[in-house]
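**Student:** Mind having a look at this structure? Questions to follow.
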Amino acid sequence: HYSEDISLASHADRLGLNRKYLSAIFKKALDIPPREYLLHYRMERACEMLLAGKLTVGEVSRSVGYQDPLLFSRMFRKVKGIPPRRYREEYKPIGH
């Protein structure tokens, strides 16, 4: 469900836990806050899609949960250090 609008509060409610407590145990278990984990997970899926070359950057953006391609590009650059289009150009597999 990583491409959906995910709320820590809704997951905490579903589990019957306090939001801050759920966040704390998540961070303790994985050494990363839930929001940051989700961001990195989405960007890894985006990398896979970008390198597959079948979707536009806008389509990749929506596929990983960002309705705004500009926000997606900003977050991608924050995590990967380069914009998505450049990532696609520089890391595409040989022969494509």
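Each chain of the structure tokens is named A, B, ... in the order shown, its residues numbered from 1; ligands are numbered from 1 in display order.
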Within segment 29-94 of chain A, find each residue whose DSSP state, derived from the backbone, is helix (DSSP H, G or I), and express the selection as a PyMOL selection string.

**Tutor:** chain A and resi 29-30+34-52+57-63+69-80+84-91

**Student:** Between A:Leu8, A:Leu51, A:Val57, A:Met43, which one has atoms that come closest to Glu90 of chain A, using only C-alpha atoms?

**Tutor:** A:Leu51

**Student:** Identify, on the basis of only C-alpha atoms, every residue whose closest approach to Ala24 of chain A does not exceed 12 Å; exclude the query and any residue fewer than 5 positions from it along the same chain; express the result as a short mmCIF file (atom, residue, chain, number, x, y, z; two decimals) with C-alpha atoms, in the first residue's frame.

**Tutor:**
```cif
data_model
loop_
_atom_site.label_atom_id
_atom_site.label_comp_id
_atom_site.auth_asym_id
_atom_site.auth_seq_id
_atom_site.Cartn_x
_atom_site.Cartn_y
_atom_site.Cartn_z
CA LEU A 8 0.70 6.76 10.85
CA ALA A 12 -1.87 3.34 15.11
CA LEU A 17 -1.70 2.14 19.81
CA ASN A 18 -0.75 5.74 20.39
CA ARG A 19 0.75 7.33 17.25
CA ALA A 29 13.16 -1.68 15.36
CA LEU A 30 14.40 -0.25 12.04
CA ASP A 31 16.55 2.68 13.20
CA ILE A 32 14.61 5.05 10.92
CA PRO A 33 11.39 7.02 11.47
CA PRO A 34 8.31 5.68 9.63
CA ARG A 35 7.96 8.72 7.37
#
```

**Student:** For segment 67-84 of chain A, find every residue with an atom within 9 Å (counting only C-alpha atoms), except residues of its own chain fewer than 2 positions away, and show them as a list of chain:residue names.

**Tutor:**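 Here the answer would be A:Leu39, A:His40, A:Met43, A:Ala46, A:Cys47, A:Leu50, A:Val57, A:Gly58, A:Glu59, A:Val60, A:Ser61, A:Arg62, A:Ser63, A:Val64, A:Gly65, A:Arg86, A:Tyr87, A:Arg88, A:Glu89.
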
**Student:** Measuring between only C-alpha atoms, which one of A:Lys92, A:Arg14, A:His1, A:Lys54 shows the shortest distance to Leu38 of chain A?

**Tutor:**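 Nearest to Leu38 of chain A: A:His1.
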